[in-house]
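Asks: Take a look at the following structure, please.
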Amino acid sequence: MAQPLPPVPGIRLSAVPARIKDWQRDDLLLIEIAEGASVSATFTQNAFCAAPVLVAKAHIRQGDIRALLINAGNANAATGERGLKTAQQSCEGVAEELSIQARQVLPFSTGVIGEHLPVQKILDALPGAVDNLQADAWDTAARAIMTTDTRPKTASRTLDIAGETITIAGIAKGAGMIQPNMATMLAYVATDARIAQPVLDNLVKEAVSASFNRISVDGDTSTNDACVLIASGATGGAIAPDSEAYAQLKAALIDVHIELAQAIVKDGEGATKFVTVQVNNAASSEEALRMAFEIGESPLVKTALYASDPNWGRLVMAIGNAGAENLDTSKISVFLDEVQIVEAGGRAESYTEEAGQKVFEQSAFTITVDLQRGDASEHIWTCDFSHEYVTINAEYRT
C-alpha cells in the first residue's frame with residue numbers, strides 16, 4: 001500500500017460529495033493556496049477545449065492564484081456560452097467562501113463531454129468544502145478527481161535544501177483519452193519551495209515534456225487536460241535557477257511528474273501491459289518521438305501486446321509508417337528487452353518465437369528500435385488494447 005502523501009506547507013485541500021453524477025463518493029475538490037505563491041500550468045491543445053480550460057487560462061494570466069476547484073463527473077466541454085458562465089459561477093462561489101477574487105480561482109472539470117454542468121450542486125457543496133480544508137488531505141483529493149480510473153495516482157518527495165526540508169506532493173487522474181500535448185488527464189503538483197514565477201513557468205513546461213507528453217493510452221487528446229505546478233513559498237528562501245539547490249529541486253519535481261504519468265499508463269482503461277518504446281540513433285529528436293508514438297499508438301501493435309503475441313511484423317509496419325525520410329531499413333535493429341528480433345532489416349538469426357513470447361508475456365518490458373542514422377534518442381510509455389478498453393468506453397455514458 002502506498003504511503004500517505006505528506007502535507008505541503010501553504011497548501012490545504014478538501015474533497016466533498018457534490019453528487020454531480022448518481023454516485024456515492026467525493027467528486028468535488030478544493031485546493032487553497034497560500035498568499036504569495038507562484039502557480040503555473042499547461043493546458044490541452046485540443047481546439048475544442050472545455051469551458052473551465054478557457055476560464056483557467058484567462059485567470060492564470062492575471063497571476064496571484066489562490067484556489068483550484070476541480071469536479072469529476074462532468075467535463076463542461078462543448079457547452080457554449082452557458083458552459084463559460086457556469087465555470088465562472090464556480091469561481092465566484094469559491095471566491096465568496098474564501099474572501100478572494102474570482103479571477104484568483106482556477107476551475108477544472110473532468111467527465112462526460114457535451115452535458116451542462118450542474119453548477120448549483122457545486123455551489124451548494126462549497127461551504128462544506130471550505131469548512132473541511134486541511135493540509136493532510138492529498139490522498140482523499142486524489143480519489144475525488146477520478147473518473148474511469150481504478151485507483152488514485154499519487155507521488156511525493158522530500159529533500160533537504162540549505163538545511164530546510166522541502167516537500168513535493170502530487171496527484172493525477174487519467175485512464176483513457178490519453179495522448180501527448182497534454183494527455184483525459186489532470187495533474188496537480190505542489191511544493192513549499194519558493195520559486196519565482198518566470199522560473200516556475202519554464203519548469204512546468206520541462207516537467208510536462210519529460211512526463212505527461214510522453215504517454216499514450218489510445219492516441220486521443222482530451223478537451224480538458226491540464227497540469228498545474230504550485231510553489232507555495234512557505235519554506236526557505238528564494239531558489240536561484242542557476243544554483244545546485246534548484247537542480248536538486250528540479251530533478252525531484254520531474255521525478256514526481258514522471259511517476260504520475262507512468263501511473264496513468266499503468267491504469268490505462270483495460271490495460272494489462274506497461275511498455276516503454278525506445279527509439280535510438282534517429283536523425284532528430286522529433287523523428288525519434290514520432291516513431292515511438294507511431295509504434296505505441298498503433299492499434300495492431302497494441303492488440304498484439306494484449307494477446308502476448310510477438311508479431312514483430314506489426315512493429316516494422318509501424319516503423320515504416322512513421323514518416324522518416326529516406327529510411328534505410330537495412331540498418332534497422334529491433335529488440336524486445338534484450339531479445340533481438342530484427343537485424344539488418346530482417347528477422348535476426350538468433351531470434352526464436354519462444355524468446356519473443358517470453359518477453360511479451362511480461363507485464364512490463366521495453367521495445368527498442370535502433371535506426372543507425374543519427375545520434376538522437378527518445379522514449380515514450382504506452383499500454384495494450386484489451387477487450388475491457390472497448391467495454392469501458394462503449395458503456396461510459398450508461
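Naming scheme: A, B, ... for chains in displayed order of the C-alpha cells; residues 1 onward per chain; ligands 1 onward as shown.
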Determine, counting only C-alpha atoms, which protein, DNA and RNA residues have an atom within 6 Å of an atom of Val189 in chain A; residues of the same chain fewer than 5 positions away are not included. Present the result as a ChimeraX atom specification.

Replies: /A:169-170,229

Asks: Enumerate as a PyMOL selection string all residues of range 150-266 of chain A assigned to strand (DSSP E or B) by DSSP on the backbone, naming them with the chain letters and numbers the document uses.

Replies: chain A and resi 153-161+164-173+186-191+194+215-216+226-231+238

Asks: I'd like the interatomic distance between CA of Asn224 in chain A and CA of Leu98 in chain A, to a tenth of an Å.

Replies: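 Here the two named atoms are 25.1 Å from each other.
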
Asks: Which is closest to Thr86 in chain A among A:Ile122, A:Ala196, A:Val105, A:Met185, if we use only C-alpha atoms?

Replies: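 Result for the nearest residue to Thr86 in chain A: A:Ile122.
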
Asks: One decimal, in Å: what's the spacing between CA of Glu343 in chain A and CA of Gln278 in chain A?

Replies: 16.2 Å

Asks: A:Cys49, A:Leu28, A:Ala58, A:Ala37: which is nearest Ile70 in chain A, counting only C-alpha atoms?

Replies: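 Of the candidates, the smallest distance to Ile70 in chain A is held by A:Leu28.
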
Asks: For Val301 in chain A, please output as a list in words all residues within 7 Å (counting only C-alpha atoms; exclusion window: fewer than 3 positions along the same chain).

Replies: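 My list of contacting residues is Ile295, Ser298, Ala304, Leu305, Arg314 and Leu315 of chain A.
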
Asks: Applying 8 Å and only C-alpha atoms, which residues near range 200-203 of chain A remain after dropping the ones on its own chain fewer than 5 positions away? List them as an NGL selection string.

Replies: :A and (38-41 or 195 or 229 or 231 or 250)

Asks: Report the distance between CA of Tyr351 in chain A and CA of Ala271 in chain A in Å, rounded to one decimal place.

Replies: 27.2 Å
